[in-house]
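Okay, input.cif is below, mmCIF, N, CA and C atoms:
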```
data_protein
#
loop_
_atom_site.label_atom_id
_atom_site.label_comp_id
_atom_site.auth_asym_id
_atom_site.auth_seq_id
_atom_site.Cartn_x
_atom_site.Cartn_y
_atom_site.Cartn_z
N MET A 7 -6.23 3.40 -15.57
CA MET A 7 -7.36 2.54 -15.73
C MET A 7 -8.07 2.27 -14.40
N LEU A 8 -7.30 1.94 -13.30
CA LEU A 8 -7.94 1.52 -12.06
C LEU A 8 -7.38 2.28 -10.86
N SER A 9 -8.29 2.86 -10.10
CA SER A 9 -7.95 3.49 -8.81
C SER A 9 -8.47 2.59 -7.71
N VAL A 10 -7.54 2.08 -6.89
CA VAL A 10 -7.90 1.27 -5.74
C VAL A 10 -7.92 2.21 -4.54
N LEU A 11 -9.08 2.32 -3.90
CA LEU A 11 -9.29 3.28 -2.83
C LEU A 11 -9.55 2.56 -1.52
N ILE A 12 -8.73 2.89 -0.52
CA ILE A 12 -8.80 2.17 0.75
C ILE A 12 -9.01 3.15 1.90
N PRO A 13 -10.25 3.26 2.40
CA PRO A 13 -10.48 4.07 3.60
C PRO A 13 -10.08 3.25 4.82
N THR A 14 -9.47 3.91 5.80
CA THR A 14 -9.04 3.19 6.99
C THR A 14 -9.09 4.11 8.21
N TYR A 15 -9.00 3.51 9.37
CA TYR A 15 -8.96 4.25 10.63
C TYR A 15 -8.22 3.39 11.65
N ASN A 16 -7.05 3.87 12.12
CA ASN A 16 -6.29 3.15 13.15
C ASN A 16 -6.00 1.71 12.76
N TYR A 17 -5.61 1.45 11.53
CA TYR A 17 -5.44 0.07 11.09
C TYR A 17 -4.19 -0.07 10.24
N ASN A 18 -3.44 -1.13 10.47
CA ASN A 18 -2.27 -1.44 9.67
C ASN A 18 -2.72 -2.08 8.36
N VAL A 19 -2.55 -1.35 7.26
CA VAL A 19 -3.01 -1.83 5.95
C VAL A 19 -1.86 -2.34 5.08
N THR A 20 -0.68 -2.50 5.64
CA THR A 20 0.48 -2.86 4.83
C THR A 20 0.33 -4.22 4.14
N THR A 21 -0.19 -5.21 4.83
CA THR A 21 -0.35 -6.53 4.21
C THR A 21 -1.32 -6.46 3.05
N LEU A 22 -2.46 -5.82 3.26
CA LEU A 22 -3.47 -5.67 2.20
C LEU A 22 -2.88 -4.94 1.01
N VAL A 23 -2.24 -3.81 1.25
CA VAL A 23 -1.73 -2.99 0.15
C VAL A 23 -0.60 -3.71 -0.60
N ASN A 24 0.29 -4.36 0.12
CA ASN A 24 1.36 -5.09 -0.55
C ASN A 24 0.81 -6.20 -1.45
N SER A 25 -0.23 -6.89 -1.01
CA SER A 25 -0.85 -7.93 -1.80
C SER A 25 -1.49 -7.35 -3.06
N LEU A 26 -2.27 -6.29 -2.89
CA LEU A 26 -2.91 -5.64 -4.04
C LEU A 26 -1.87 -5.08 -5.00
N HIS A 27 -0.84 -4.45 -4.46
CA HIS A 27 0.21 -3.84 -5.28
C HIS A 27 0.90 -4.88 -6.16
N ALA A 28 1.25 -6.02 -5.58
CA ALA A 28 1.90 -7.08 -6.35
C ALA A 28 1.00 -7.57 -7.48
N GLN A 29 -0.28 -7.75 -7.19
CA GLN A 29 -1.21 -8.20 -8.22
C GLN A 29 -1.41 -7.15 -9.31
N LEU A 30 -1.46 -5.89 -8.91
CA LEU A 30 -1.63 -4.82 -9.90
C LEU A 30 -0.40 -4.68 -10.79
N LEU A 31 0.78 -4.79 -10.22
CA LEU A 31 1.99 -4.76 -11.04
C LEU A 31 1.98 -5.91 -12.04
N LYS A 32 1.59 -7.08 -11.59
CA LYS A 32 1.52 -8.26 -12.47
C LYS A 32 0.52 -8.06 -13.60
N SER A 33 -0.55 -7.33 -13.34
CA SER A 33 -1.59 -7.11 -14.34
C SER A 33 -1.14 -6.19 -15.47
N GLN A 34 -0.12 -5.41 -15.24
CA GLN A 34 0.46 -4.48 -16.21
C GLN A 34 -0.54 -3.43 -16.71
N ILE A 35 -1.43 -2.99 -15.82
CA ILE A 35 -2.35 -1.91 -16.16
C ILE A 35 -1.89 -0.64 -15.46
N ASN A 36 -2.43 0.50 -15.89
CA ASN A 36 -2.21 1.74 -15.17
C ASN A 36 -3.09 1.72 -13.92
N PHE A 37 -2.48 2.04 -12.79
CA PHE A 37 -3.23 1.99 -11.54
C PHE A 37 -2.66 2.96 -10.53
N GLU A 38 -3.46 3.18 -9.51
CA GLU A 38 -3.04 3.89 -8.31
C GLU A 38 -3.73 3.23 -7.13
N ILE A 39 -3.06 3.27 -6.00
CA ILE A 39 -3.67 2.84 -4.74
C ILE A 39 -3.62 4.04 -3.82
N LEU A 40 -4.79 4.50 -3.40
CA LEU A 40 -4.90 5.63 -2.48
C LEU A 40 -5.47 5.14 -1.16
N ILE A 41 -4.75 5.42 -0.08
CA ILE A 41 -5.19 5.03 1.26
C ILE A 41 -5.35 6.31 2.07
N LEU A 42 -6.50 6.44 2.74
CA LEU A 42 -6.75 7.64 3.54
C LEU A 42 -7.22 7.24 4.93
N ASP A 43 -6.37 7.52 5.93
CA ASP A 43 -6.74 7.30 7.32
C ASP A 43 -7.62 8.46 7.76
N ASP A 44 -8.71 8.14 8.42
CA ASP A 44 -9.70 9.15 8.78
C ASP A 44 -9.40 9.84 10.10
N GLY A 45 -8.26 10.50 10.16
CA GLY A 45 -7.93 11.35 11.29
C GLY A 45 -7.66 10.64 12.60
N SER A 46 -7.13 9.43 12.54
CA SER A 46 -6.90 8.70 13.78
C SER A 46 -5.71 9.25 14.57
N ASN A 47 -4.76 9.88 13.89
CA ASN A 47 -3.56 10.42 14.54
C ASN A 47 -2.89 9.41 15.44
N HIS A 48 -2.83 8.19 15.01
CA HIS A 48 -2.24 7.12 15.81
C HIS A 48 -0.88 6.72 15.26
N VAL A 49 -0.06 6.13 16.11
CA VAL A 49 1.27 5.69 15.74
C VAL A 49 1.25 4.68 14.59
N ILE A 50 0.16 3.95 14.42
CA ILE A 50 0.04 2.98 13.33
C ILE A 50 0.22 3.66 11.97
N ASN A 51 -0.07 4.97 11.91
CA ASN A 51 0.11 5.70 10.66
C ASN A 51 1.57 5.76 10.26
N THR A 52 2.48 5.71 11.22
CA THR A 52 3.91 5.66 10.91
C THR A 52 4.22 4.38 10.16
N THR A 53 3.63 3.28 10.58
CA THR A 53 3.80 2.00 9.88
C THR A 53 3.24 2.10 8.47
N ASN A 54 2.06 2.68 8.33
CA ASN A 54 1.43 2.80 7.01
C ASN A 54 2.18 3.75 6.08
N GLN A 55 2.91 4.72 6.64
CA GLN A 55 3.65 5.68 5.80
C GLN A 55 4.64 4.99 4.87
N VAL A 56 5.16 3.83 5.27
CA VAL A 56 6.12 3.11 4.43
C VAL A 56 5.52 2.77 3.07
N LEU A 57 4.19 2.71 2.99
CA LEU A 57 3.52 2.40 1.72
C LEU A 57 3.78 3.46 0.67
N ASN A 58 4.11 4.67 1.09
CA ASN A 58 4.42 5.74 0.14
C ASN A 58 5.68 5.46 -0.66
N THR A 59 6.45 4.46 -0.26
CA THR A 59 7.66 4.11 -1.02
C THR A 59 7.34 3.19 -2.19
N LEU A 60 6.13 2.65 -2.23
CA LEU A 60 5.73 1.79 -3.35
C LEU A 60 5.28 2.64 -4.54
N ALA A 61 5.61 2.20 -5.72
CA ALA A 61 5.20 2.91 -6.93
C ALA A 61 3.68 2.95 -7.02
N PHE A 62 3.15 4.13 -7.33
CA PHE A 62 1.72 4.34 -7.57
C PHE A 62 0.86 4.18 -6.32
N VAL A 63 1.46 4.31 -5.14
CA VAL A 63 0.74 4.19 -3.88
C VAL A 63 0.90 5.48 -3.09
N THR A 64 -0.23 5.95 -2.53
CA THR A 64 -0.21 7.14 -1.68
C THR A 64 -0.99 6.86 -0.40
N PHE A 65 -0.33 7.06 0.73
CA PHE A 65 -0.99 6.99 2.04
C PHE A 65 -1.02 8.39 2.62
N LYS A 66 -2.20 8.83 3.03
CA LYS A 66 -2.37 10.13 3.67
C LYS A 66 -3.30 9.98 4.87
N THR A 67 -3.31 11.00 5.70
CA THR A 67 -4.22 11.02 6.84
C THR A 67 -5.04 12.32 6.81
N ASN A 68 -6.30 12.20 7.18
CA ASN A 68 -7.11 13.39 7.36
C ASN A 68 -6.67 14.08 8.65
N VAL A 69 -6.73 15.39 8.68
CA VAL A 69 -6.38 16.15 9.89
C VAL A 69 -7.38 15.87 11.00
N LYS A 70 -8.65 15.74 10.61
CA LYS A 70 -9.69 15.42 11.60
C LYS A 70 -10.57 14.31 11.04
N ASN A 71 -11.28 13.65 11.92
CA ASN A 71 -12.17 12.57 11.53
C ASN A 71 -13.38 13.13 10.81
N VAL A 72 -13.63 12.65 9.58
CA VAL A 72 -14.76 13.14 8.80
C VAL A 72 -15.84 12.09 8.61
N GLY A 73 -15.60 10.86 9.08
CA GLY A 73 -16.58 9.79 8.93
C GLY A 73 -16.33 8.98 7.67
N LEU A 74 -16.79 7.74 7.70
CA LEU A 74 -16.51 6.81 6.61
C LEU A 74 -17.02 7.29 5.25
N SER A 75 -18.25 7.75 5.18
CA SER A 75 -18.79 8.19 3.89
C SER A 75 -18.01 9.35 3.30
N ASN A 76 -17.71 10.34 4.13
CA ASN A 76 -16.93 11.49 3.65
C ASN A 76 -15.50 11.07 3.29
N ASN A 77 -14.93 10.14 4.04
CA ASN A 77 -13.60 9.64 3.72
C ASN A 77 -13.61 8.96 2.35
N ARG A 78 -14.63 8.16 2.09
CA ARG A 78 -14.76 7.51 0.77
C ARG A 78 -14.93 8.57 -0.33
N ASN A 79 -15.73 9.58 -0.06
CA ASN A 79 -15.92 10.63 -1.07
C ASN A 79 -14.62 11.36 -1.38
N LEU A 80 -13.82 11.64 -0.35
CA LEU A 80 -12.52 12.29 -0.57
C LEU A 80 -11.61 11.42 -1.42
N LEU A 81 -11.62 10.12 -1.17
CA LEU A 81 -10.82 9.21 -1.98
C LEU A 81 -11.30 9.21 -3.43
N ALA A 82 -12.60 9.14 -3.63
CA ALA A 82 -13.15 9.13 -5.00
C ALA A 82 -12.80 10.42 -5.74
N GLU A 83 -12.89 11.54 -5.05
CA GLU A 83 -12.55 12.83 -5.67
C GLU A 83 -11.07 12.90 -6.05
N ALA A 84 -10.21 12.27 -5.28
CA ALA A 84 -8.77 12.30 -5.54
C ALA A 84 -8.33 11.30 -6.61
N SER A 85 -9.18 10.34 -6.92
CA SER A 85 -8.79 9.29 -7.87
C SER A 85 -8.68 9.85 -9.28
N ILE A 86 -7.85 9.20 -10.08
CA ILE A 86 -7.60 9.70 -11.44
C ILE A 86 -8.05 8.77 -12.56
N TYR A 87 -8.42 7.55 -12.23
CA TYR A 87 -8.76 6.59 -13.28
C TYR A 87 -10.26 6.36 -13.41
N ASN A 88 -10.66 5.77 -14.54
CA ASN A 88 -12.08 5.58 -14.87
C ASN A 88 -12.77 4.55 -13.98
N TYR A 89 -12.02 3.55 -13.54
CA TYR A 89 -12.60 2.49 -12.73
C TYR A 89 -12.10 2.63 -11.30
N ILE A 90 -13.02 2.41 -10.36
CA ILE A 90 -12.71 2.54 -8.94
C ILE A 90 -13.00 1.22 -8.25
N LEU A 91 -12.05 0.81 -7.42
CA LEU A 91 -12.24 -0.36 -6.56
C LEU A 91 -12.09 0.11 -5.13
N PHE A 92 -13.20 0.11 -4.38
CA PHE A 92 -13.15 0.40 -2.95
C PHE A 92 -12.93 -0.90 -2.21
N ILE A 93 -12.01 -0.89 -1.27
CA ILE A 93 -11.81 -2.05 -0.41
C ILE A 93 -11.47 -1.54 0.99
N ASP A 94 -12.20 -2.01 1.98
CA ASP A 94 -11.98 -1.57 3.35
C ASP A 94 -10.60 -1.99 3.84
N GLY A 95 -10.00 -1.15 4.65
CA GLY A 95 -8.66 -1.39 5.14
C GLY A 95 -8.50 -2.65 5.96
N ASP A 96 -9.57 -3.13 6.56
CA ASP A 96 -9.48 -4.35 7.37
C ASP A 96 -9.86 -5.60 6.59
N SER A 97 -9.90 -5.50 5.28
CA SER A 97 -10.22 -6.65 4.44
C SER A 97 -8.99 -7.50 4.18
N LEU A 98 -9.23 -8.72 3.79
CA LEU A 98 -8.17 -9.63 3.36
C LEU A 98 -8.43 -10.03 1.93
N VAL A 99 -7.39 -10.07 1.12
CA VAL A 99 -7.52 -10.57 -0.25
C VAL A 99 -7.35 -12.07 -0.16
N ILE A 100 -8.35 -12.82 -0.62
CA ILE A 100 -8.34 -14.26 -0.42
C ILE A 100 -7.83 -15.04 -1.62
N SER A 101 -7.45 -14.34 -2.67
CA SER A 101 -6.99 -15.03 -3.87
C SER A 101 -5.87 -14.23 -4.53
N ASP A 102 -4.88 -14.94 -5.05
CA ASP A 102 -3.84 -14.24 -5.80
C ASP A 102 -4.33 -13.86 -7.20
N GLN A 103 -5.60 -14.16 -7.46
CA GLN A 103 -6.24 -13.77 -8.72
C GLN A 103 -7.29 -12.68 -8.51
N TYR A 104 -7.30 -12.07 -7.34
CA TYR A 104 -8.31 -11.06 -7.00
C TYR A 104 -8.37 -9.96 -8.05
N ILE A 105 -7.25 -9.34 -8.34
CA ILE A 105 -7.24 -8.25 -9.33
C ILE A 105 -7.56 -8.77 -10.72
N ALA A 106 -6.99 -9.90 -11.11
CA ALA A 106 -7.27 -10.48 -12.43
C ALA A 106 -8.76 -10.77 -12.58
N ASN A 107 -9.38 -11.31 -11.53
CA ASN A 107 -10.82 -11.57 -11.57
C ASN A 107 -11.61 -10.28 -11.69
N TYR A 108 -11.21 -9.28 -10.95
CA TYR A 108 -11.89 -7.99 -11.02
C TYR A 108 -11.79 -7.42 -12.43
N LEU A 109 -10.58 -7.41 -12.97
CA LEU A 109 -10.36 -6.83 -14.30
C LEU A 109 -11.13 -7.59 -15.38
N SER A 110 -11.27 -8.88 -15.23
CA SER A 110 -11.99 -9.66 -16.24
C SER A 110 -13.49 -9.40 -16.22
N ASN A 111 -13.96 -8.75 -15.18
CA ASN A 111 -15.40 -8.48 -15.05
C ASN A 111 -15.80 -7.03 -15.30
N ILE A 112 -14.85 -6.16 -15.57
CA ILE A 112 -15.23 -4.77 -15.83
C ILE A 112 -15.24 -4.49 -17.33
N THR A 113 -16.24 -3.75 -17.72
CA THR A 113 -16.41 -3.29 -19.10
C THR A 113 -16.91 -1.86 -19.03
N PRO A 114 -16.95 -1.15 -20.16
CA PRO A 114 -17.50 0.21 -20.12
C PRO A 114 -18.94 0.27 -19.60
N GLU A 115 -19.66 -0.84 -19.70
CA GLU A 115 -21.05 -0.88 -19.24
C GLU A 115 -21.18 -1.32 -17.79
N THR A 116 -20.09 -1.74 -17.16
CA THR A 116 -20.15 -2.25 -15.80
C THR A 116 -20.63 -1.16 -14.85
N GLY A 117 -21.57 -1.51 -14.01
CA GLY A 117 -22.05 -0.60 -12.98
C GLY A 117 -21.28 -0.84 -11.71
N ILE A 118 -21.70 -1.83 -10.96
CA ILE A 118 -21.09 -2.13 -9.67
C ILE A 118 -20.76 -3.62 -9.61
N ILE A 119 -19.57 -3.92 -9.11
CA ILE A 119 -19.17 -5.30 -8.82
C ILE A 119 -18.90 -5.36 -7.33
N TYR A 120 -19.39 -6.41 -6.67
CA TYR A 120 -19.18 -6.54 -5.24
C TYR A 120 -18.70 -7.94 -4.93
N GLY A 121 -17.77 -8.05 -4.00
CA GLY A 121 -17.36 -9.37 -3.51
C GLY A 121 -15.88 -9.63 -3.68
N GLY A 122 -15.47 -10.83 -3.31
CA GLY A 122 -14.10 -11.26 -3.53
C GLY A 122 -13.13 -10.99 -2.40
N ARG A 123 -13.62 -10.50 -1.28
CA ARG A 123 -12.73 -10.26 -0.15
C ARG A 123 -13.47 -10.62 1.13
N ILE A 124 -12.70 -10.79 2.19
CA ILE A 124 -13.29 -11.14 3.47
C ILE A 124 -12.67 -10.27 4.56
N HIS A 125 -13.34 -10.21 5.69
CA HIS A 125 -12.79 -9.58 6.88
C HIS A 125 -12.19 -10.69 7.73
N PRO A 126 -11.11 -10.42 8.43
CA PRO A 126 -10.52 -11.46 9.28
C PRO A 126 -11.49 -11.87 10.39
N LYS A 127 -11.43 -13.15 10.78
CA LYS A 127 -12.29 -13.63 11.86
C LYS A 127 -11.88 -13.04 13.19
N GLN A 128 -10.58 -12.87 13.39
CA GLN A 128 -10.07 -12.24 14.60
C GLN A 128 -9.01 -11.24 14.20
N VAL A 129 -9.01 -10.13 14.90
CA VAL A 129 -8.02 -9.10 14.64
C VAL A 129 -7.24 -8.85 15.93
N SER A 130 -5.94 -8.90 15.82
CA SER A 130 -5.10 -8.64 16.97
C SER A 130 -4.97 -7.14 17.13
N LYS A 131 -5.50 -6.60 18.22
CA LYS A 131 -5.41 -5.17 18.47
C LYS A 131 -3.97 -4.71 18.52
N LYS A 132 -3.11 -5.54 19.06
CA LYS A 132 -1.70 -5.17 19.20
C LYS A 132 -1.08 -4.88 17.82
N GLU A 133 -1.43 -5.65 16.82
CA GLU A 133 -0.83 -5.50 15.51
C GLU A 133 -1.52 -4.47 14.63
N ASN A 134 -2.82 -4.29 14.78
CA ASN A 134 -3.56 -3.54 13.79
C ASN A 134 -4.29 -2.31 14.30
N TYR A 135 -4.62 -2.24 15.54
CA TYR A 135 -5.41 -1.14 16.05
C TYR A 135 -4.68 -0.37 17.14
N ALA A 136 -5.28 0.74 17.49
CA ALA A 136 -4.77 1.55 18.61
C ALA A 136 -5.01 0.84 19.92
#
```
Written as structure tokens, how would this file's structure read?
Amino acid sequence: MLSVLIPTYNYNVTTLVNSLHAQLLKSQINFEILILDDGSNHVINTTNQVLNTLAFVTFKTNVKNVGLSNNRNLLAEASIYNYILFIDGDSLVISDQYIANYLSNITPETGIIYGGRIHPKQVSKKENYA
């Protein structure tokens, strides 16, 4: 039913993905979470690799940097479900009802839904970036 697609570059997405994963499991829908690092080749990818141990989650890296738009297109092409939720890797989920709210607003006629997440006010380079 839902493919959650997360483009990222040199960023630790484990907190975001764990939050989304817990909410998706609770929703009891068919889902996948696909994360694609855009060729950063950074050690942070080792941290993100642990996400591959979660059910229905795949973390991969591009061999070379292809740019945000192409990275999003690659994620969309790889997705398997009818509904797609794009969320940037540096986003924060601000509600434990994020997925429930999203699901309550999609219908076969739904075009685009936007909102429900924020970017952190400050990002610690030590924890999240190269």
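As for atom N of Leu42 (chain A) and atom N of Asn77 (chain A), they are spaced 9.3 Å apart.
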- Message: Need to verify the contact set: Asn54 (chain A), 10 Å, only C-alpha atoms, exclusion of same-chain residues closer than 6 positions in sequence. Can you return it as a list in words?
- Response: Asn16, Tyr17, Asn18, Val19, Thr20, Thr21, Val23, Ile41, Asp43, Thr64, Phe65, Lys66 and Thr67 of chain A
- Which polymer residues have any atom within 12 Å of an atom of Gly117 (chain A), counting only C-alpha atoms, with same-chain residues fewer than 4 positions away left out, as a ChimeraX atom specification? /A:88-91,111-113
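These residues, each with an atom at most 8 Å from (-4.9, 1.4, -8.7) using only C-alpha atoms, are Met7, Leu8, Ser9, Val10, Leu11, Leu30, Asn36, Phe37, Glu38, Ile39, Leu40, Phe62, Val63, Tyr87, Ile90 and Leu91 of chain A.
A straight line drawn from CA of Asn24 (chain A) to CA of Leu81 (chain A) is 18.8 Å long.
With only C-alpha atoms as the atoms that count, the residue of A:Arg78, A:Lys70, A:His48, A:His27 with the shortest distance to Ile12 (chain A) is A:Arg78.
When only C-alpha atoms are used to compute distances to Ala61 (chain A), the closest of the residues A:Ala28, A:Ile100, A:Thr14, A:Tyr108 turns out to be A:Ala28.
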